[in-house]
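> This is start-v1.cif (mmCIF, C-alpha atoms and all ligand atoms).
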data_upload
#
loop_
_atom_site.label_atom_id
_atom_site.label_comp_id
_atom_site.auth_asym_id
_atom_site.auth_seq_id
_atom_site.Cartn_x
_atom_site.Cartn_y
_atom_site.Cartn_z
CA MET A 1 -90.13 -13.94 -205.50
CA HIS A 2 -88.88 -13.21 -209.00
CA ARG A 3 -85.14 -13.59 -209.05
CA LYS A 4 -83.18 -11.26 -211.28
CA ARG A 5 -81.42 -12.98 -214.12
CA ILE A 6 -77.67 -12.56 -214.57
CA VAL A 7 -76.26 -13.75 -217.87
CA ALA A 8 -72.46 -14.17 -217.90
CA LEU A 9 -70.53 -14.53 -221.15
CA THR A 10 -67.14 -16.04 -220.36
CA GLY A 11 -64.01 -16.72 -222.37
CA ALA A 12 -60.54 -18.15 -221.99
CA GLY A 13 -59.50 -15.45 -219.48
CA VAL A 14 -61.80 -16.85 -216.78
CA SER A 15 -59.77 -20.08 -216.82
CA SER A 16 -56.36 -18.44 -217.22
CA GLU A 17 -55.60 -18.36 -213.49
CA SER A 18 -56.41 -22.09 -213.35
CA GLY A 19 -53.42 -22.59 -215.66
CA ILE A 20 -55.19 -22.95 -219.01
CA ARG A 21 -53.63 -20.86 -221.76
CA THR A 22 -55.76 -18.28 -223.53
CA PHE A 23 -55.68 -18.08 -227.34
CA ARG A 24 -54.67 -14.56 -228.34
CA ASP A 25 -52.63 -13.17 -225.42
CA SER A 26 -48.85 -13.21 -225.71
CA GLY A 27 -48.02 -16.83 -224.89
CA GLY A 28 -51.49 -17.83 -226.10
CA LEU A 29 -52.25 -21.08 -227.90
CA TRP A 30 -52.61 -19.50 -231.34
CA GLU A 31 -48.98 -18.31 -231.08
CA ASP A 32 -47.74 -21.93 -231.20
CA HIS A 33 -50.43 -23.42 -233.40
CA ASP A 34 -51.84 -22.24 -236.69
CA ILE A 35 -55.63 -22.20 -236.47
CA MET A 36 -55.77 -23.57 -240.00
CA ASP A 37 -53.71 -26.61 -238.93
CA VAL A 38 -55.70 -27.65 -235.88
CA ALA A 39 -59.10 -25.97 -235.68
CA THR A 40 -60.86 -26.29 -239.03
CA PRO A 41 -62.76 -29.10 -240.78
CA GLY A 42 -60.09 -28.98 -243.52
CA ALA A 43 -57.35 -29.65 -240.95
CA TRP A 44 -59.26 -32.72 -239.76
CA GLU A 45 -59.44 -34.00 -243.33
CA ARG A 46 -55.79 -33.28 -244.10
CA ASN A 47 -54.21 -34.27 -240.84
CA MET A 48 -56.50 -36.04 -238.42
CA ASP A 49 -53.62 -37.21 -236.22
CA LEU A 50 -52.32 -33.70 -235.59
CA VAL A 51 -55.80 -32.35 -234.78
CA MET A 52 -56.54 -35.31 -232.50
CA GLU A 53 -53.23 -34.83 -230.69
CA PHE A 54 -53.84 -31.09 -230.24
CA TYR A 55 -57.16 -31.71 -228.49
CA ASN A 56 -55.84 -34.76 -226.61
CA GLN A 57 -53.17 -32.54 -225.08
CA ARG A 58 -55.76 -29.88 -224.13
CA ARG A 59 -57.96 -32.61 -222.57
CA LYS A 60 -55.05 -34.20 -220.71
CA GLN A 61 -54.16 -30.83 -219.24
CA LEU A 62 -57.76 -30.24 -218.19
CA TYR A 63 -57.56 -33.28 -215.91
CA GLY A 64 -54.74 -31.54 -214.01
CA VAL A 65 -56.37 -28.18 -213.28
CA SER A 66 -59.07 -26.85 -210.96
CA PRO A 67 -61.56 -24.00 -210.95
CA ASN A 68 -60.32 -20.66 -209.60
CA ALA A 69 -61.86 -17.86 -207.52
CA ALA A 70 -63.70 -16.46 -210.56
CA HIS A 71 -65.52 -19.73 -211.26
CA PHE A 72 -66.42 -20.11 -207.58
CA ALA A 73 -67.65 -16.52 -207.30
CA LEU A 74 -70.14 -17.14 -210.13
CA VAL A 75 -71.48 -20.12 -208.17
CA GLU A 76 -71.98 -17.85 -205.13
CA LEU A 77 -74.14 -15.55 -207.24
CA GLU A 78 -76.72 -18.35 -207.58
CA ARG A 79 -77.70 -17.75 -203.93
CA GLU A 80 -79.56 -14.60 -204.99
CA TYR A 81 -79.84 -14.65 -208.78
CA ASP A 82 -80.88 -16.85 -211.66
CA VAL A 83 -77.38 -17.16 -213.17
CA GLN A 84 -77.02 -18.34 -216.74
CA ILE A 85 -73.48 -18.83 -217.96
CA ILE A 86 -72.73 -18.76 -221.66
CA THR A 87 -69.15 -19.87 -222.09
CA GLN A 88 -66.92 -19.98 -225.14
CA ASN A 89 -64.63 -22.32 -223.21
CA VAL A 90 -64.38 -26.01 -223.93
CA ASP A 91 -63.18 -26.76 -220.39
CA ASP A 92 -65.66 -27.80 -217.68
CA LEU A 93 -64.37 -25.59 -214.88
CA HIS A 94 -67.68 -23.75 -214.42
CA GLU A 95 -69.39 -27.12 -213.85
CA GLN A 96 -66.59 -28.36 -211.61
CA ALA A 97 -66.98 -25.24 -209.47
CA GLY A 98 -70.71 -25.96 -209.15
CA SER A 99 -72.48 -23.63 -211.58
CA THR A 100 -75.77 -25.25 -212.51
CA GLN A 101 -76.70 -23.51 -215.79
CA VAL A 102 -73.85 -23.53 -218.27
CA MET A 103 -74.21 -23.33 -222.04
CA HIS A 104 -71.13 -24.22 -224.10
CA LEU A 105 -71.06 -22.28 -227.35
CA HIS A 106 -67.93 -23.89 -228.76
CA GLY A 107 -68.34 -27.44 -227.51
CA GLU A 108 -66.78 -29.45 -224.70
CA LEU A 109 -63.36 -31.07 -224.52
CA LYS A 110 -64.52 -34.03 -222.47
CA LYS A 111 -67.05 -35.01 -225.12
CA VAL A 112 -66.59 -36.39 -228.62
CA ARG A 113 -68.98 -36.72 -231.46
CA SER A 114 -69.66 -38.57 -234.68
CA SER A 115 -67.96 -37.13 -237.74
CA VAL A 116 -71.03 -37.88 -239.86
CA LYS A 117 -73.94 -36.96 -237.56
CA GLU A 118 -73.20 -34.07 -235.24
CA ASP A 119 -75.93 -34.77 -232.69
CA LEU A 120 -74.33 -38.11 -231.79
CA VAL A 121 -72.32 -36.81 -228.85
CA TYR A 122 -70.64 -39.02 -226.24
CA PRO A 123 -68.64 -38.47 -223.07
CA LEU A 124 -65.03 -39.60 -223.61
CA GLU A 125 -63.51 -41.92 -221.00
CA GLY A 126 -60.11 -40.49 -220.06
CA TRP A 127 -58.14 -37.96 -222.11
CA GLU A 128 -57.23 -39.78 -225.27
CA LEU A 129 -59.27 -39.94 -228.46
CA LYS A 130 -57.74 -42.40 -230.92
CA ARG A 131 -57.97 -43.19 -234.59
CA GLY A 132 -60.40 -46.11 -234.81
CA ASP A 133 -62.69 -44.88 -231.99
CA LEU A 134 -66.04 -45.05 -233.74
CA CYS A 135 -69.56 -43.72 -233.26
CA GLU A 136 -72.52 -46.10 -233.31
CA LEU A 137 -72.80 -45.57 -237.08
CA GLY A 138 -69.25 -46.79 -237.56
CA SER A 139 -67.59 -43.48 -238.38
CA GLN A 140 -64.57 -41.93 -236.68
CA LEU A 141 -65.26 -39.90 -233.53
CA ARG A 142 -63.97 -36.31 -233.53
CA PRO A 143 -63.56 -33.70 -230.80
CA HIS A 144 -66.87 -32.08 -229.78
CA VAL A 145 -65.51 -28.63 -230.57
CA VAL A 146 -66.82 -26.05 -233.00
CA TRP A 147 -64.09 -25.36 -235.53
CA PHE A 148 -63.58 -22.21 -237.56
CA GLY A 149 -65.89 -22.33 -240.53
CA GLU A 150 -68.51 -24.38 -238.69
CA ALA A 151 -71.87 -23.11 -237.49
CA VAL A 152 -72.30 -22.23 -233.82
CA THR A 153 -75.62 -23.98 -233.40
CA MET A 154 -76.21 -22.69 -229.86
CA ILE A 155 -76.29 -19.05 -230.94
CA PRO A 156 -80.09 -18.65 -231.24
CA ALA A 157 -80.60 -20.09 -227.73
CA ALA A 158 -77.76 -17.93 -226.39
CA ALA A 159 -79.15 -14.79 -228.02
CA GLU A 160 -82.54 -15.55 -226.48
CA LEU A 161 -80.96 -15.81 -223.03
CA CYS A 162 -79.08 -12.54 -223.53
CA SER A 163 -82.33 -10.80 -224.41
CA THR A 164 -83.70 -11.72 -220.97
CA ALA A 165 -80.72 -10.45 -218.92
CA ASP A 166 -81.36 -8.07 -216.03
CA ILE A 167 -77.59 -7.80 -215.55
CA PHE A 168 -74.96 -8.89 -218.09
CA LEU A 169 -71.39 -9.89 -217.27
CA ILE A 170 -68.53 -10.41 -219.72
CA ILE A 171 -65.43 -12.07 -218.28
CA GLY A 172 -62.10 -12.85 -219.92
CA THR A 173 -62.84 -12.73 -223.61
CA SER A 174 -61.14 -10.64 -226.27
CA LEU A 175 -64.50 -10.37 -228.09
CA ASN A 176 -62.68 -11.21 -231.31
CA VAL A 177 -64.64 -14.27 -232.35
CA TYR A 178 -68.07 -14.01 -233.92
CA PRO A 179 -70.88 -14.84 -233.57
CA ALA A 180 -70.16 -15.11 -229.80
CA ALA A 181 -68.85 -11.54 -229.61
CA GLY A 182 -72.09 -10.28 -231.16
CA LEU A 183 -74.24 -11.66 -228.33
CA VAL A 184 -73.92 -8.43 -226.38
CA SER A 185 -76.10 -6.72 -228.99
CA TYR A 186 -79.07 -8.84 -227.80
CA VAL A 187 -78.87 -7.47 -224.25
CA PRO A 188 -81.85 -5.17 -223.59
CA SER A 189 -81.03 -1.47 -223.62
CA GLY A 190 -80.70 -0.17 -220.08
CA THR A 191 -79.31 -3.45 -218.72
CA PRO A 192 -76.11 -2.86 -216.73
CA VAL A 193 -73.12 -4.57 -218.34
CA TYR A 194 -69.91 -5.37 -216.43
CA LEU A 195 -66.74 -6.44 -218.20
CA ILE A 196 -63.86 -7.98 -216.26
CA ASP A 197 -60.64 -8.31 -218.26
CA PRO A 198 -57.11 -6.94 -217.77
CA GLY A 199 -56.69 -6.35 -221.52
CA ASP A 200 -57.10 -3.16 -223.56
CA LEU A 201 -60.35 -4.10 -225.22
CA GLY A 202 -62.20 -1.92 -227.70
CA VAL A 203 -65.58 -1.67 -225.99
CA ALA A 204 -66.88 1.75 -227.01
CA HIS A 205 -69.83 0.09 -228.75
CA ILE A 206 -71.18 -1.49 -225.53
CA PRO A 207 -73.77 0.69 -223.77
CA ASN A 208 -74.14 0.94 -219.96
CA LEU A 209 -70.72 -0.62 -219.52
CA THR A 210 -68.61 -0.72 -216.39
CA PHE A 211 -65.13 -1.92 -217.40
CA ILE A 212 -63.33 -3.58 -214.48
CA LYS A 213 -59.81 -3.78 -215.87
CA GLU A 214 -58.64 -6.60 -213.66
CA LYS A 215 -57.95 -10.30 -213.67
CA ALA A 216 -61.00 -12.52 -213.28
CA GLY A 217 -59.70 -14.14 -210.07
CA THR A 218 -59.84 -10.85 -208.18
CA GLY A 219 -62.36 -8.79 -210.19
CA THR A 220 -65.10 -11.41 -210.21
CA PRO A 221 -65.29 -12.09 -206.44
CA ARG A 222 -65.34 -8.32 -205.81
CA LEU A 223 -68.16 -7.71 -208.30
CA VAL A 224 -70.09 -10.72 -207.00
CA LYS A 225 -69.87 -9.39 -203.45
CA GLN A 226 -71.26 -6.06 -204.67
CA LEU A 227 -74.09 -7.76 -206.58
CA LEU A 228 -74.99 -9.92 -203.58
CA GLN A 229 -75.22 -6.78 -201.50
CA GLY A 230 -77.76 -5.55 -204.01
CA ASN A 231 -75.75 -2.77 -205.62
CA PRO A 232 -75.74 -3.47 -209.35
P1 LIG B 301 -58.83 -14.95 -226.26
O1 LIG B 301 -57.53 -15.65 -226.07
O2 LIG B 301 -59.13 -14.35 -227.60
O3 LIG B 301 -58.97 -13.78 -225.20
C1 LIG B 301 -58.66 -14.00 -223.86
C2 LIG B 301 -59.04 -12.78 -223.06
O4 LIG B 301 -58.79 -13.08 -221.71
C3 LIG B 301 -58.25 -11.51 -223.42
O5 LIG B 301 -59.14 -10.42 -223.55
C4 LIG B 301 -57.34 -11.33 -222.20
O6 LIG B 301 -57.06 -9.97 -221.91
C5 LIG B 301 -58.17 -11.96 -221.11
N1 LIG B 301 -57.43 -12.44 -219.94
C6 LIG B 301 -56.18 -12.94 -219.84
N2 LIG B 301 -55.90 -13.30 -218.58
C7 LIG B 301 -57.02 -13.03 -217.85
C8 LIG B 301 -57.38 -13.17 -216.48
N3 LIG B 301 -56.53 -13.67 -215.57
N4 LIG B 301 -58.61 -12.79 -216.10
C9 LIG B 301 -59.49 -12.26 -217.00
N5 LIG B 301 -59.20 -12.11 -218.29
C10 LIG B 301 -57.99 -12.48 -218.71
O7 LIG B 301 -59.98 -15.98 -225.80
P2 LIG B 301 -61.54 -15.99 -226.14
O8 LIG B 301 -62.06 -14.60 -226.27
O9 LIG B 301 -62.18 -16.88 -225.17
O10 LIG B 301 -62.67 -20.92 -230.02
O11 LIG B 301 -61.53 -16.68 -227.55
C11 LIG B 301 -62.72 -16.95 -228.21
C12 LIG B 301 -62.59 -18.22 -229.01
O12 LIG B 301 -61.45 -18.15 -229.85
C13 LIG B 301 -62.35 -19.46 -228.18
O13 LIG B 301 -63.54 -20.02 -227.67
C14 LIG B 301 -61.68 -20.39 -229.13
C15 LIG B 301 -60.76 -19.42 -229.80
O14 LIG B 301 -60.36 -19.71 -231.08
C16 LIG B 301 -62.55 -22.19 -230.45
O15 LIG B 301 -61.59 -22.87 -230.22
C17 LIG B 301 -63.72 -22.67 -231.22
#
Written as structure tokens, how would this file's structure read?


Amino acid sequence: MHRKRIVALTGAGVSSESGIRTFRDSGGLWEDHDIMDVATPGAWERNMDLVMEFYNQRRKQLYGVSPNAAHFALVELEREYDVQIITQNVDDLHEQAGSTQVMHLHGELKKVRSSVKEDLVYPLEGWELKRGDLCELGSQLRPHVVWFGEAVTMIPAAAELCSTADIFLIIGTSLNVYPAAGLVSYVPSGTPVYLIDPGDLGVAHIPNLTFIKEKAGTGTPRLVKQLLQGNP
């Protein structure tokens, strides 16, 4: 039997109740850190130690947190649907929960890559990347994270997935960062879209939208229950 495909675009809010800070909420990471100092190729050139430390701290914290009810609810959905997760998050909480199809648009904290050849990607043992850790070509390893000003190479594949969605979910993203925020425009017209986020998001441009103005940890399990009962 053909299983309906659910594509879920997730952002920092889905991991917030696991204890990972979002970026743009009050108390968010970009309140304490200037993007230009830690999340651009120029920052890496100017101050590699600061950038490395910023991501080392994020990675260290990731070893101390666990998936929450929202991550687990998305795993439940796989019982009845072909669930494809497209996440902007660099954490691995979807995978830890058990989701089997997860695309990372902005990279992965637990991986590092060559600073001269971006397809040389390696898992990092432990949380700490150090100056002098080299790729097989002898160049410094850097975080496997897409920085501002860099291309999001997964976008064509993500857009293709969105164009095949029977149901589209958006969970915990401010939809501020492009090209990720533009993915919703690839969803076929007529496809039901559900957005779960407690924030006041400007979403007038999204057709067929049901806005569930709630935290992911409660809103997602409720929506998943409804979808499993066959009431999209
Ligand atoms: P933001 O920090 O921009 O937005 C977080 C969203 O999560 C907001 O809309 C909040 O209202 C919502 N939120 C907060 N708590 C929540 C909860 N408990 N449940 C559900 N939603 C909640 O994060 P992103 O949209 O993910 O990129 O940011 C996109 C990109 O900007 C990130 O991937 C990162 C950042 O710069 C890179 O680092 C490359």

> Neighbouring residues of ligand LIG 301 (chain B) are defined here as those with any atom at most 8 Å from a ligand atom, counting all atoms listed in the file; list them as a ChimeraX atom specification.

/A:10-17,21-25,28-30,35,39,87-90,105-107,145-148,171-177,180,196-201,214-217

> Can I get the selected residues back with C-alpha atoms, as a PDB file, in the coordinates of the input?


ATOM      1  CA  THR A  10     -67.140 -16.040-220.360  1.00  0.00           C
ATOM      2  CA  GLY A  11     -64.010 -16.720-222.370  1.00  0.00           C
ATOM      3  CA  ALA A  12     -60.540 -18.150-221.990  1.00  0.00           C
ATOM      4  CA  GLY A  13     -59.500 -15.450-219.480  1.00  0.00           C
ATOM      5  CA  VAL A  14     -61.800 -16.850-216.780  1.00  0.00           C
ATOM      6  CA  SER A  15     -59.770 -20.080-216.820  1.00  0.00           C
ATOM      7  CA  SER A  16     -56.360 -18.440-217.220  1.00  0.00           C
ATOM      8  CA  GLU A  17     -55.600 -18.360-213.490  1.00  0.00           C
ATOM      9  CA  ARG A  21     -53.630 -20.860-221.760  1.00  0.00           C
ATOM     10  CA  THR A  22     -55.760 -18.280-223.530  1.00  0.00           C
ATOM     11  CA  PHE A  23     -55.680 -18.080-227.340  1.00  0.00           C
ATOM     12  CA  ARG A  24     -54.670 -14.560-228.340  1.00  0.00           C
ATOM     13  CA  ASP A  25     -52.630 -13.170-225.420  1.00  0.00           C
ATOM     14  CA  GLY A  28     -51.490 -17.830-226.100  1.00  0.00           C
ATOM     15  CA  LEU A  29     -52.250 -21.080-227.900  1.00  0.00           C
ATOM     16  CA  TRP A  30     -52.610 -19.500-231.340  1.00  0.00           C
ATOM     17  CA  ILE A  35     -55.630 -22.200-236.470  1.00  0.00           C
ATOM     18  CA  ALA A  39     -59.100 -25.970-235.680  1.00  0.00           C
ATOM     19  CA  THR A  87     -69.150 -19.870-222.090  1.00  0.00           C
ATOM     20  CA  GLN A  88     -66.920 -19.980-225.140  1.00  0.00           C
ATOM     21  CA  ASN A  89     -64.630 -22.320-223.210  1.00  0.00           C
ATOM     22  CA  VAL A  90     -64.380 -26.010-223.930  1.00  0.00           C
ATOM     23  CA  LEU A 105     -71.060 -22.280-227.350  1.00  0.00           C
ATOM     24  CA  HIS A 106     -67.930 -23.890-228.760  1.00  0.00           C
ATOM     25  CA  GLY A 107     -68.340 -27.440-227.510  1.00  0.00           C
ATOM     26  CA  VAL A 145     -65.510 -28.630-230.570  1.00  0.00           C
ATOM     27  CA  VAL A 146     -66.820 -26.050-233.000  1.00  0.00           C
ATOM     28  CA  TRP A 147     -64.090 -25.360-235.530  1.00  0.00           C
ATOM     29  CA  PHE A 148     -63.580 -22.210-237.560  1.00  0.00           C
ATOM     30  CA  ILE A 171     -65.430 -12.070-218.280  1.00  0.00           C
ATOM     31  CA  GLY A 172     -62.100 -12.850-219.920  1.00  0.00           C
ATOM     32  CA  THR A 173     -62.840 -12.730-223.610  1.00  0.00           C
ATOM     33  CA  SER A 174     -61.140 -10.640-226.270  1.00  0.00           C
ATOM     34  CA  LEU A 175     -64.500 -10.370-228.090  1.00  0.00           C
ATOM     35  CA  ASN A 176     -62.680 -11.210-231.310  1.00  0.00           C
ATOM     36  CA  VAL A 177     -64.640 -14.270-232.350  1.00  0.00           C
ATOM     37  CA  ALA A 180     -70.160 -15.110-229.800  1.00  0.00           C
ATOM     38  CA  ILE A 196     -63.860  -7.980-216.260  1.00  0.00           C
ATOM     39  CA  ASP A 197     -60.640  -8.310-218.260  1.00  0.00           C
ATOM     40  CA  PRO A 198     -57.110  -6.940-217.770  1.00  0.00           C
ATOM     41  CA  GLY A 199     -56.690  -6.350-221.520  1.00  0.00           C
ATOM     42  CA  ASP A 200     -57.100  -3.160-223.560  1.00  0.00           C
ATOM     43  CA  LEU A 201     -60.350  -4.100-225.220  1.00  0.00           C
ATOM     44  CA  GLU A 214     -58.640  -6.600-213.660  1.00  0.00           C
ATOM     45  CA  LYS A 215     -57.950 -10.300-213.670  1.00  0.00           C
ATOM     46  CA  ALA A 216     -61.000 -12.520-213.280  1.00  0.00           C
ATOM     47  CA  GLY A 217     -59.700 -14.140-210.070  1.00  0.00           C
TER      48      GLY A 217
END

> How many Å separate atom CA of Pro143 of chain A from atom CA of His33 of chain A?

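Separating atom CA of Pro143 of chain A from atom CA of His33 of chain A is a distance of 16.9 Å.
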
> Work out how far atom CA of Gln229 of chain A is from atom CA of Leu161 of chain A, in Å to one decimal.

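Atom CA of Gln229 of chain A lies at a distance of 24.0 Å from atom CA of Leu161 of chain A.
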
> With distances taken over only C-alpha atoms, which of A:Ser163, A:Asn56, A:Ser66, A:Thr100 is nearest to Trp127 of chain A?

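Going through A:Ser163, A:Asn56, A:Ser66, A:Thr100 one by one, the smallest distance to Trp127 of chain A is for A:Asn56.
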
> Around (-64.3, 1.5, -215.7), as given in the file, which residues come within 10 Å? Count all atoms listed in the file and list them as a ChimeraX atom specification.

/A:194-196,209-213

> Might you pull out every residue within 8 Å of Val51 of chain A, with all atoms listed in the file counted and same-chain residues fewer than 3 positions away left off, and present them as a ChimeraX atom specification?

/A:37-39,43-44,47-48,54-55

> What lies within 6 Å of Ser114 of chain A using all atoms listed in the file, ignoring chain neighbours under 6 positions off, as a ChimeraX atom specification?

/A:120,135,141

> With distances taken over all atoms listed in the file, which residue among A:Val65, A:Leu93, A:Ile167, A:Leu109 lies nearest Val193 of chain A?

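Looking at the shortest contact to Val193 of chain A, the residue is A:Ile167.
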
> Separation of atom CA of Ala70 of chain A and atom CA of Thr220 of chain A, in Å?

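Taking atom CA of Ala70 of chain A and atom CA of Thr220 of chain A, their separation equals 5.3 Å.
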
> So which one's closest to Ala73 of chain A, A:Val203, A:Ile85, A:Ile6, A:Ala97? Using all atoms listed in the file, please.

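The closest residue to Ala73 of chain A is A:Ala97.
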
> Using only C-alpha atoms, what residues lie at most 9 Å away from (-58.6, -39.9, -233.7) (file coordinates), given as an MDAnalysis selection string?

chainID A and resid 48:49 51:53 128:133 140:143

> Taking all atoms listed in the file into account, which of A:His205, A:Glu136, A:Leu227, A:Tyr81 comes nearest Gly182 of chain A?

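Of A:His205, A:Glu136, A:Leu227, A:Tyr81, the one nearest Gly182 of chain A, counting all atoms listed in the file, is A:His205.
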
> So that I can check the surroundings of Lys4 of chain A, please list as JSON, numbers by chain every protein, DNA and RNA residue that reaches within 12 Å of it, counting all atoms listed in the file and ignoring chain neighbours fewer than 6 positions away.

{"A": [77, 78, 79, 80, 81, 82, 83, 84, 164, 165, 166, 167, 168, 191, 227, 228, 230, 232]}
